[in-house]
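Printed here is entry_28.cif (mmCIF, N, CA and C atoms and all ligand atoms):
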```cif
data_input
loop_
_atom_site.group_PDB
_atom_site.id
_atom_site.type_symbol
_atom_site.label_atom_id
_atom_site.label_comp_id
_atom_site.auth_asym_id
_atom_site.auth_seq_id
_atom_site.Cartn_x
_atom_site.Cartn_y
_atom_site.Cartn_z
ATOM 1 N N MET I 5 -76.000 12.481 16.333
ATOM 2 C CA MET I 5 -75.089 13.621 16.172
ATOM 3 C C MET I 5 -75.617 14.529 15.052
ATOM 4 N N SER I 6 -75.736 15.818 15.356
ATOM 5 C CA SER I 6 -76.298 16.751 14.387
ATOM 6 C C SER I 6 -75.332 16.974 13.218
ATOM 7 N N VAL I 7 -75.883 17.119 12.008
ATOM 8 C CA VAL I 7 -75.035 17.497 10.877
ATOM 9 C C VAL I 7 -75.211 18.976 10.551
ATOM 10 N N GLU I 8 -75.817 19.708 11.490
ATOM 11 C CA GLU I 8 -75.939 21.157 11.312
ATOM 12 C C GLU I 8 -74.563 21.811 11.505
ATOM 13 N N PRO I 9 -74.158 22.702 10.592
ATOM 14 C CA PRO I 9 -72.907 23.437 10.807
ATOM 15 C C PRO I 9 -72.979 24.215 12.118
ATOM 16 N N LEU I 10 -71.869 24.247 12.834
ATOM 17 C CA LEU I 10 -71.829 24.981 14.108
ATOM 18 C C LEU I 10 -71.639 26.475 13.843
ATOM 19 N N PRO I 11 -72.266 27.328 14.653
ATOM 20 C CA PRO I 11 -71.982 28.762 14.553
ATOM 21 C C PRO I 11 -70.559 29.065 15.029
ATOM 22 N N GLU I 12 -70.027 30.195 14.592
ATOM 23 C CA GLU I 12 -68.635 30.556 14.902
ATOM 24 C C GLU I 12 -68.311 30.507 16.397
ATOM 25 N N GLU I 13 -69.231 31.000 17.228
ATOM 26 C CA GLU I 13 -68.947 31.036 18.683
ATOM 27 C C GLU I 13 -68.788 29.616 19.222
ATOM 28 N N ALA I 14 -69.603 28.696 18.722
ATOM 29 C CA ALA I 14 -69.532 27.305 19.185
ATOM 30 C C ALA I 14 -68.218 26.669 18.734
ATOM 31 N N ILE I 15 -67.775 26.998 17.514
ATOM 32 C CA ILE I 15 -66.500 26.461 17.009
ATOM 33 C C ILE I 15 -65.355 26.939 17.907
ATOM 34 N N ALA I 16 -65.361 28.225 18.224
ATOM 35 C CA ALA I 16 -64.297 28.790 19.065
ATOM 36 C C ALA I 16 -64.292 28.123 20.433
ATOM 37 N N LYS I 17 -65.467 27.901 21.005
ATOM 38 C CA LYS I 17 -65.568 27.270 22.323
ATOM 39 C C LYS I 17 -65.024 25.839 22.270
ATOM 40 N N ARG I 18 -65.423 25.088 21.279
ATOM 41 C CA ARG I 18 -64.977 23.688 21.191
ATOM 42 C C ARG I 18 -63.477 23.600 20.913
ATOM 43 N N LEU I 19 -62.968 24.502 20.074
ATOM 44 C CA LEU I 19 -61.521 24.511 19.810
ATOM 45 C C LEU I 19 -60.746 24.801 21.095
ATOM 46 N N GLY I 20 -61.299 25.688 21.931
ATOM 47 C CA GLY I 20 -60.660 26.016 23.205
ATOM 48 C C GLY I 20 -60.575 24.820 24.135
ATOM 49 N N GLU I 21 -61.483 23.876 23.942
ATOM 50 C CA GLU I 21 -61.508 22.669 24.790
ATOM 51 C C GLU I 21 -60.604 21.563 24.232
ATOM 52 N N LEU I 22 -60.024 21.801 23.050
ATOM 53 C CA LEU I 22 -59.205 20.768 22.396
ATOM 54 C C LEU I 22 -57.830 21.319 22.046
ATOM 55 N N PRO I 23 -56.959 21.488 23.047
ATOM 56 C CA PRO I 23 -55.629 22.029 22.767
ATOM 57 C C PRO I 23 -54.902 21.141 21.752
ATOM 58 N N GLY I 24 -54.190 21.773 20.834
ATOM 59 C CA GLY I 24 -53.455 21.002 19.833
ATOM 60 C C GLY I 24 -54.165 20.963 18.496
ATOM 61 N N TRP I 25 -55.473 21.098 18.515
ATOM 62 C CA TRP I 25 -56.221 21.116 17.257
ATOM 63 C C TRP I 25 -56.299 22.556 16.757
ATOM 64 N N ARG I 26 -56.066 22.725 15.459
ATOM 65 C CA ARG I 26 -56.123 24.055 14.853
ATOM 66 C C ARG I 26 -57.186 24.053 13.774
ATOM 67 N N ARG I 27 -57.713 25.233 13.559
ATOM 68 C CA ARG I 27 -58.678 25.364 12.487
ATOM 69 C C ARG I 27 -57.952 25.672 11.193
ATOM 70 N N ARG I 28 -58.368 24.996 10.125
ATOM 71 C CA ARG I 28 -57.835 25.295 8.796
ATOM 72 C C ARG I 28 -59.050 25.400 7.873
ATOM 73 N N GLN I 29 -59.409 26.611 7.518
ATOM 74 C CA GLN I 29 -60.670 26.872 6.805
ATOM 75 C C GLN I 29 -61.829 26.198 7.546
ATOM 76 N N ASP I 30 -62.557 25.317 6.870
ATOM 77 C CA ASP I 30 -63.704 24.671 7.516
ATOM 78 C C ASP I 30 -63.386 23.257 7.957
ATOM 79 N N SER I 31 -62.140 23.046 8.420
ATOM 80 C CA SER I 31 -61.794 21.762 9.015
ATOM 81 C C SER I 31 -60.935 22.023 10.246
ATOM 82 N N ILE I 32 -60.749 20.985 11.058
ATOM 83 C CA ILE I 32 -59.805 21.051 12.174
ATOM 84 C C ILE I 32 -58.726 20.006 11.928
ATOM 85 N N THR I 33 -57.510 20.307 12.370
ATOM 86 C CA THR I 33 -56.386 19.439 12.039
ATOM 87 C C THR I 33 -55.411 19.348 13.201
ATOM 88 N N ARG I 34 -54.786 18.174 13.347
ATOM 89 C CA ARG I 34 -53.761 17.996 14.366
ATOM 90 C C ARG I 34 -52.779 16.916 13.904
ATOM 91 N N ALA I 35 -51.490 17.140 14.193
ATOM 92 C CA ALA I 35 -50.463 16.153 13.859
ATOM 93 C C ALA I 35 -49.906 15.547 15.140
ATOM 94 N N PHE I 36 -49.505 14.277 15.061
ATOM 95 C CA PHE I 36 -48.874 13.565 16.172
ATOM 96 C C PHE I 36 -47.570 12.964 15.669
ATOM 97 N N GLY I 37 -46.515 13.117 16.447
ATOM 98 C CA GLY I 37 -45.249 12.502 16.101
ATOM 99 C C GLY I 37 -45.287 11.014 16.423
ATOM 100 N N ILE I 38 -44.987 10.198 15.426
ATOM 101 C CA ILE I 38 -44.949 8.741 15.617
ATOM 102 C C ILE I 38 -44.232 8.155 14.414
ATOM 103 N N ARG I 39 -43.421 7.124 14.640
ATOM 104 C CA ARG I 39 -42.708 6.517 13.512
ATOM 105 C C ARG I 39 -43.678 5.774 12.605
ATOM 106 N N TYR I 40 -43.267 5.548 11.379
ATOM 107 C CA TYR I 40 -44.175 5.103 10.319
ATOM 108 C C TYR I 40 -45.035 3.895 10.695
ATOM 109 N N HIS I 41 -44.373 2.840 11.175
ATOM 110 C CA HIS I 41 -45.147 1.614 11.428
ATOM 111 C C HIS I 41 -46.112 1.814 12.597
ATOM 112 N N GLY I 42 -45.681 2.587 13.606
ATOM 113 C CA GLY I 42 -46.585 2.926 14.707
ATOM 114 C C GLY I 42 -47.755 3.750 14.211
ATOM 115 N N GLY I 43 -47.485 4.613 13.236
ATOM 116 C CA GLY I 43 -48.538 5.429 12.630
ATOM 117 C C GLY I 43 -49.586 4.567 11.945
ATOM 118 N N VAL I 44 -49.124 3.500 11.301
ATOM 119 C CA VAL I 44 -50.063 2.578 10.646
ATOM 120 C C VAL I 44 -50.985 1.947 11.694
ATOM 121 N N ALA I 45 -50.426 1.499 12.816
ATOM 122 C CA ALA I 45 -51.232 0.882 13.881
ATOM 123 C C ALA I 45 -52.236 1.891 14.447
ATOM 124 N N LEU I 46 -51.762 3.126 14.657
ATOM 125 C CA LEU I 46 -52.649 4.181 15.166
ATOM 126 C C LEU I 46 -53.816 4.411 14.201
ATOM 127 N N ILE I 47 -53.502 4.469 12.917
ATOM 128 C CA ILE I 47 -54.537 4.724 11.913
ATOM 129 C C ILE I 47 -55.565 3.596 11.891
ATOM 130 N N VAL I 48 -55.109 2.353 12.029
ATOM 131 C CA VAL I 48 -56.045 1.213 12.024
ATOM 132 C C VAL I 48 -57.000 1.321 13.214
ATOM 133 N N HIS I 49 -56.465 1.695 14.381
ATOM 134 C CA HIS I 49 -57.288 1.851 15.578
ATOM 135 C C HIS I 49 -58.305 2.976 15.377
ATOM 136 N N VAL I 50 -57.836 4.103 14.858
ATOM 137 C CA VAL I 50 -58.738 5.233 14.585
ATOM 138 C C VAL I 50 -59.818 4.805 13.578
ATOM 139 N N ALA I 51 -59.412 4.073 12.555
ATOM 140 C CA ALA I 51 -60.377 3.662 11.515
ATOM 141 C C ALA I 51 -61.465 2.761 12.098
ATOM 142 N N ASP I 52 -61.108 1.906 13.058
ATOM 143 C CA ASP I 52 -62.114 1.042 13.700
ATOM 144 C C ASP I 52 -63.150 1.885 14.432
ATOM 145 N N VAL I 53 -62.674 2.904 15.165
ATOM 146 C CA VAL I 53 -63.594 3.777 15.901
ATOM 147 C C VAL I 53 -64.435 4.600 14.914
ATOM 148 N N GLU I 54 -63.817 5.068 13.852
ATOM 149 C CA GLU I 54 -64.564 5.836 12.843
ATOM 150 C C GLU I 54 -65.704 5.000 12.254
ATOM 151 N N ARG I 55 -65.422 3.741 12.026
ATOM 152 C CA ARG I 55 -66.469 2.865 11.474
ATOM 153 C C ARG I 55 -67.630 2.746 12.454
ATOM 154 N N LEU I 56 -67.318 2.661 13.742
ATOM 155 C CA LEU I 56 -68.366 2.547 14.769
ATOM 156 C C LEU I 56 -69.220 3.807 14.835
ATOM 157 N N ILE I 57 -68.607 4.970 14.714
ATOM 158 C CA ILE I 57 -69.358 6.220 14.901
ATOM 159 C C ILE I 57 -69.827 6.817 13.557
ATOM 160 N N GLY I 58 -69.371 6.252 12.438
ATOM 161 C CA GLY I 58 -69.819 6.734 11.129
ATOM 162 C C GLY I 58 -69.304 8.109 10.782
ATOM 163 N N HIS I 59 -68.085 8.414 11.234
ATOM 164 C CA HIS I 59 -67.495 9.709 10.901
ATOM 165 C C HIS I 59 -66.003 9.485 10.671
ATOM 166 N N HIS I 60 -65.452 10.115 9.639
ATOM 167 C CA HIS I 60 -64.115 9.753 9.169
ATOM 168 C C HIS I 60 -63.226 10.973 8.973
ATOM 169 N N ALA I 61 -62.000 10.845 9.419
ATOM 170 C CA ALA I 61 -61.005 11.907 9.215
ATOM 171 C C ALA I 61 -60.262 11.673 7.901
ATOM 172 N N ASP I 62 -59.716 12.741 7.340
ATOM 173 C CA ASP I 62 -58.720 12.613 6.274
ATOM 174 C C ASP I 62 -57.386 12.416 6.978
ATOM 175 N N ILE I 63 -56.598 11.463 6.518
ATOM 176 C CA ILE I 63 -55.393 11.064 7.248
ATOM 177 C C ILE I 63 -54.177 11.108 6.328
ATOM 178 N N ASP I 64 -53.125 11.774 6.820
ATOM 179 C CA ASP I 64 -51.893 11.926 6.042
ATOM 180 C C ASP I 64 -50.750 11.297 6.838
ATOM 181 N N LEU I 65 -50.270 10.152 6.386
ATOM 182 C CA LEU I 65 -49.205 9.420 7.088
ATOM 183 C C LEU I 65 -47.849 9.746 6.476
ATOM 184 N N ARG I 66 -46.926 10.207 7.308
ATOM 185 C CA ARG I 66 -45.538 10.450 6.882
ATOM 186 C C ARG I 66 -44.619 9.563 7.704
ATOM 187 N N TRP I 67 -43.321 9.580 7.408
ATOM 188 C CA TRP I 67 -42.419 8.634 8.074
ATOM 189 C C TRP I 67 -42.307 8.887 9.573
ATOM 190 N N ASP I 68 -42.493 10.156 9.993
ATOM 191 C CA ASP I 68 -42.301 10.471 11.412
ATOM 192 C C ASP I 68 -43.508 11.144 12.065
ATOM 193 N N HIS I 69 -44.591 11.289 11.355
ATOM 194 C CA HIS I 69 -45.803 11.856 11.965
ATOM 195 C C HIS I 69 -47.030 11.478 11.154
ATOM 196 N N VAL I 70 -48.176 11.658 11.800
ATOM 197 C CA VAL I 70 -49.446 11.447 11.106
ATOM 198 C C VAL I 70 -50.341 12.647 11.388
ATOM 199 N N ARG I 71 -51.014 13.133 10.358
ATOM 200 C CA ARG I 71 -51.900 14.294 10.516
ATOM 201 C C ARG I 71 -53.340 13.903 10.215
ATOM 202 N N PHE I 72 -54.222 14.310 11.121
ATOM 203 C CA PHE I 72 -55.652 14.075 10.937
ATOM 204 C C PHE I 72 -56.323 15.413 10.634
ATOM 205 N N SER I 73 -57.209 15.430 9.661
ATOM 206 C CA SER I 73 -58.005 16.615 9.343
ATOM 207 C C SER I 73 -59.462 16.178 9.284
ATOM 208 N N ILE I 74 -60.321 16.989 9.899
ATOM 209 C CA ILE I 74 -61.725 16.575 10.017
ATOM 210 C C ILE I 74 -62.661 17.707 9.610
ATOM 211 N N THR I 75 -63.631 17.368 8.785
ATOM 212 C CA THR I 75 -64.735 18.259 8.458
ATOM 213 C C THR I 75 -65.936 17.359 8.199
ATOM 214 N N THR I 76 -67.123 17.951 8.116
ATOM 215 C CA THR I 76 -68.306 17.118 7.855
ATOM 216 C C THR I 76 -68.752 17.302 6.411
ATOM 217 N N HIS I 77 -68.510 16.290 5.600
ATOM 218 C CA HIS I 77 -68.870 16.338 4.185
ATOM 219 C C HIS I 77 -70.378 16.515 4.030
ATOM 220 N N ASP I 78 -71.147 15.795 4.882
ATOM 221 C CA ASP I 78 -72.615 15.832 4.765
ATOM 222 C C ASP I 78 -73.195 17.196 5.127
ATOM 223 N N ALA I 79 -72.392 18.064 5.724
ATOM 224 C CA ALA I 79 -72.865 19.414 6.060
ATOM 225 C C ALA I 79 -72.267 20.433 5.080
ATOM 226 N N GLY I 80 -71.853 19.959 3.903
ATOM 227 C CA GLY I 80 -71.263 20.868 2.913
ATOM 228 C C GLY I 80 -69.848 21.252 3.286
ATOM 229 N N HIS I 81 -69.095 20.296 3.875
ATOM 230 C CA HIS I 81 -67.718 20.541 4.308
ATOM 231 C C HIS I 81 -67.648 21.683 5.317
ATOM 232 N N LYS I 82 -68.521 21.611 6.312
ATOM 233 C CA LYS I 82 -68.516 22.576 7.418
ATOM 234 C C LYS I 82 -68.237 21.824 8.715
ATOM 235 N N LEU I 83 -67.892 22.589 9.741
ATOM 236 C CA LEU I 83 -67.605 21.971 11.050
ATOM 237 C C LEU I 83 -68.901 21.731 11.825
ATOM 238 N N THR I 84 -68.998 20.525 12.391
ATOM 239 C CA THR I 84 -70.161 20.140 13.193
ATOM 240 C C THR I 84 -69.676 19.493 14.490
ATOM 241 N N ASP I 85 -70.628 19.200 15.377
ATOM 242 C CA ASP I 85 -70.277 18.512 16.629
ATOM 243 C C ASP I 85 -69.576 17.188 16.377
ATOM 244 N N ALA I 86 -69.946 16.502 15.300
ATOM 245 C CA ALA I 86 -69.349 15.200 15.000
ATOM 246 C C ALA I 86 -67.836 15.327 14.799
ATOM 247 N N ASP I 87 -67.388 16.451 14.249
ATOM 248 C CA ASP I 87 -65.944 16.645 14.018
ATOM 249 C C ASP I 87 -65.195 16.760 15.344
ATOM 250 N N PHE I 88 -65.771 17.486 16.280
ATOM 251 C CA PHE I 88 -65.099 17.675 17.574
ATOM 252 C C PHE I 88 -65.163 16.393 18.406
ATOM 253 N N ASP I 89 -66.248 15.645 18.261
ATOM 254 C CA ASP I 89 -66.348 14.350 18.945
ATOM 255 C C ASP I 89 -65.243 13.407 18.436
ATOM 256 N N LEU I 90 -65.066 13.358 17.115
ATOM 257 C CA LEU I 90 -64.017 12.485 16.558
ATOM 258 C C LEU I 90 -62.633 12.969 16.984
ATOM 259 N N ALA I 91 -62.415 14.275 17.019
ATOM 260 C CA ALA I 91 -61.109 14.815 17.426
ATOM 261 C C ALA I 91 -60.763 14.356 18.849
ATOM 262 N N ARG I 92 -61.741 14.412 19.748
ATOM 263 C CA ARG I 92 -61.503 13.958 21.134
ATOM 264 C C ARG I 92 -61.129 12.482 21.164
ATOM 265 N N ARG I 93 -61.806 11.688 20.359
ATOM 266 C CA ARG I 93 -61.512 10.252 20.319
ATOM 267 C C ARG I 93 -60.117 10.000 19.758
ATOM 268 N N ILE I 94 -59.735 10.756 18.720
ATOM 269 C CA ILE I 94 -58.403 10.590 18.132
ATOM 270 C C ILE I 94 -57.336 10.948 19.170
ATOM 271 N N ASP I 95 -57.555 12.012 19.936
ATOM 272 C CA ASP I 95 -56.600 12.376 20.995
ATOM 273 C C ASP I 95 -56.374 11.198 21.948
ATOM 274 N N ALA I 96 -57.458 10.580 22.381
ATOM 275 C CA ALA I 96 -57.347 9.470 23.346
ATOM 276 C C ALA I 96 -56.609 8.283 22.733
ATOM 277 N N ILE I 97 -56.926 7.975 21.475
ATOM 278 C CA ILE I 97 -56.267 6.838 20.813
ATOM 279 C C ILE I 97 -54.790 7.136 20.601
ATOM 280 N N ALA I 98 -54.486 8.367 20.189
ATOM 281 C CA ALA I 98 -53.086 8.749 19.953
ATOM 282 C C ALA I 98 -52.274 8.642 21.251
ATOM 283 N N MET I 99 -52.875 9.059 22.380
ATOM 284 C CA MET I 99 -52.160 8.957 23.657
ATOM 285 C C MET I 99 -51.904 7.487 24.001
ATOM 286 N N ALA I 100 -52.895 6.638 23.745
ATOM 287 C CA ALA I 100 -52.736 5.206 24.028
ATOM 288 C C ALA I 100 -51.621 4.596 23.181
ATOM 289 N N HIS I 101 -51.375 5.174 22.002
ATOM 290 C CA HIS I 101 -50.301 4.692 21.126
ATOM 291 C C HIS I 101 -48.977 5.401 21.414
ATOM 292 N N GLU I 102 -48.984 6.229 22.472
ATOM 293 C CA GLU I 102 -47.789 6.986 22.854
ATOM 294 C C GLU I 102 -47.258 7.845 21.717
ATOM 295 N N ALA I 103 -48.200 8.372 20.926
ATOM 296 C CA ALA I 103 -47.819 9.335 19.890
ATOM 297 C C ALA I 103 -47.452 10.644 20.582
ATOM 298 N N ARG I 104 -46.540 11.385 19.963
ATOM 299 C CA ARG I 104 -46.055 12.638 20.563
ATOM 300 C C ARG I 104 -46.898 13.804 20.068
ATOM 301 N N PRO I 105 -47.561 14.515 20.972
ATOM 302 C CA PRO I 105 -48.325 15.677 20.523
ATOM 303 C C PRO I 105 -47.392 16.689 19.867
ATOM 304 N N LEU I 106 -47.732 17.182 18.696
ATOM 305 C CA LEU I 106 -46.898 18.178 18.010
ATOM 306 C C LEU I 106 -47.561 19.542 18.092
HETATM 307 C C1 LIG I 201 -73.535 7.447 5.239
HETATM 308 C C2 LIG I 201 -72.335 7.803 6.070
HETATM 309 O O1 LIG I 201 -72.579 7.598 7.406
HETATM 310 C C3 LIG I 201 -71.941 9.241 5.854
HETATM 311 O O2 LIG I 201 -71.637 9.464 4.495
HETATM 312 C C4 LIG I 201 -70.795 9.687 6.742
HETATM 313 C C5 LIG I 201 -69.568 8.827 6.699
HETATM 314 N N1 LIG I 201 -68.424 9.501 7.285
HETATM 315 C C6 LIG I 201 -68.328 10.838 7.270
HETATM 316 N N2 LIG I 201 -67.225 11.448 7.685
HETATM 317 C C7 LIG I 201 -67.099 12.769 7.634
HETATM 318 N N3 LIG I 201 -65.977 13.331 8.061
HETATM 319 N N4 LIG I 201 -68.093 13.526 7.167
HETATM 320 C C8 LIG I 201 -69.245 13.019 6.740
HETATM 321 O O3 LIG I 201 -70.133 13.756 6.326
HETATM 322 C C9 LIG I 201 -69.402 11.615 6.801
HETATM 323 N N5 LIG I 201 -70.517 11.041 6.456
#
```
Taking this structure as input, can you express it in the form of structure tokens?
Amino acid sequence: MSVEPLPEEAIAKRLGELPGWRRRQDSITRAFGIRYHGGVALIVHVADVERLIGHHADIDLRWDHVRFSITTHDAGHKLTDADFDLARRIDAIAMAHEARPL
């Protein structure tokens, strides 16, 4: 997976393919509705996949939702293909946990 920052057009294209994810400066972010303990289970599953692929989201757990934010630290906190790959994986895991798309 390249750690080259993506050009703006590529970012727009990839965001268009990932409904629910929003850009926030040089990261992408999405929240899922899920109760606290379910959120913990979801995070553990995501963390296992992150360990396998070597890419990690910033994760904010609240009592009724969990928010994932992703950027590539190794690219100077810019968006890369690795961020969009992880976002797709998080979507699939969140659906498997029956998290509510927000
Ligand atoms: C050595 C290790 O693979 C790197 O530091 C990885 C780990 N996980 C990472 N996660 C994210 N989001 N960005 C990175 O640049 C990054 N780098």
Running the PyMOL selection byres (((chain I and resi 7 and name CA) around 8) and not hetatm and name CA) on this model by hand, what would come out? Give it as a PyMOL selection string. chain I and resi 5-6+8-9+76+78-79+84-86
Each chain I residue no farther than 6 Å from ligand LIG 201 (chain I), nearest pair in Å, all atoms listed in the file, as a tab-separated table:
```
residue	atom	partner	partner_atom	distance
I:Gly58	C	I:LIG201	N1	3.9
I:His59	CA	I:LIG201	N2	3.7
I:His60	N	I:LIG201	N2	3.0
I:Ala61	N	I:LIG201	N3	4.9
I:Ile74	CA	I:LIG201	N3	5.7
I:Thr75	C	I:LIG201	N3	4.0
I:Thr76	CA	I:LIG201	N4	3.7
I:His77	N	I:LIG201	O3	3.1
I:Asp78	N	I:LIG201	O3	2.7
I:Ala79	N	I:LIG201	O3	4.9
```
Å distance separating atom C of Ala91 (chain I) from atom N of Leu56 (chain I), one decimal place: 14.3 Å
Can you measure CA of Thr33 (chain I) to CA of Arg71 (chain I) for me? One decimal in Å is fine. 7.0 Å
Spatial neighbours of Gln29 (chain I), max dist 10 Å, only C-alpha atoms, sep filter under 6 positions, as a ChimeraX atom specification: /I:75,81-83
Report, as lines of an AutoDock Vina configuration file, the axis-aligned box around all atoms of region 11-27 of chain I present in the file, extended by 4 Å on each side; give centre and edge lengths in Å to one decimal place.
```
center_x = -62.9
center_y = 25.9
center_z = 18.0
size_x = 26.8
size_y = 18.3
size_z = 21.6
```
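Between CA of Arg104 (chain I) and atom C of Glu12 (chain I) lies a distance of 28.8 Å.
Taking only C-alpha atoms into account, Asp62 (chain I) lies nearest to I:Ile32 out of the set I:Arg27, I:Gly80, I:Ile32, I:His49.
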Determine the residue set returned by the PyMOL selection byres (((chain I and resi 35 and name CA) around 6) and not hetatm and name CA) for the present structure, and present it as a list in words. Arg34, Phe36, Val70, Arg71 and Leu106 of chain I
So which bits of chain I end up strand (DSSP E or B) when you DSSP the backbone, as a list of chain:residue names? I:Arg26, I:Arg27, I:Arg28, I:Ser31, I:Ile32, I:Thr33, I:Arg34, I:Ala35, I:Phe36, I:Gly37, I:Asp62, I:Ile63, I:Asp64, I:Leu65, I:His69, I:Val70, I:Arg71, I:Phe72, I:Ser73, I:Ile74, I:Thr76, I:Lys82, I:Arg104, I:Pro105
Residues picked by the PyMOL selection byres (((chain I and resi 43 and name CA) around 9) and not hetatm and name CA) here, as a PyMOL selection string? chain I and resi 36-42+44-48+65-70+101+103
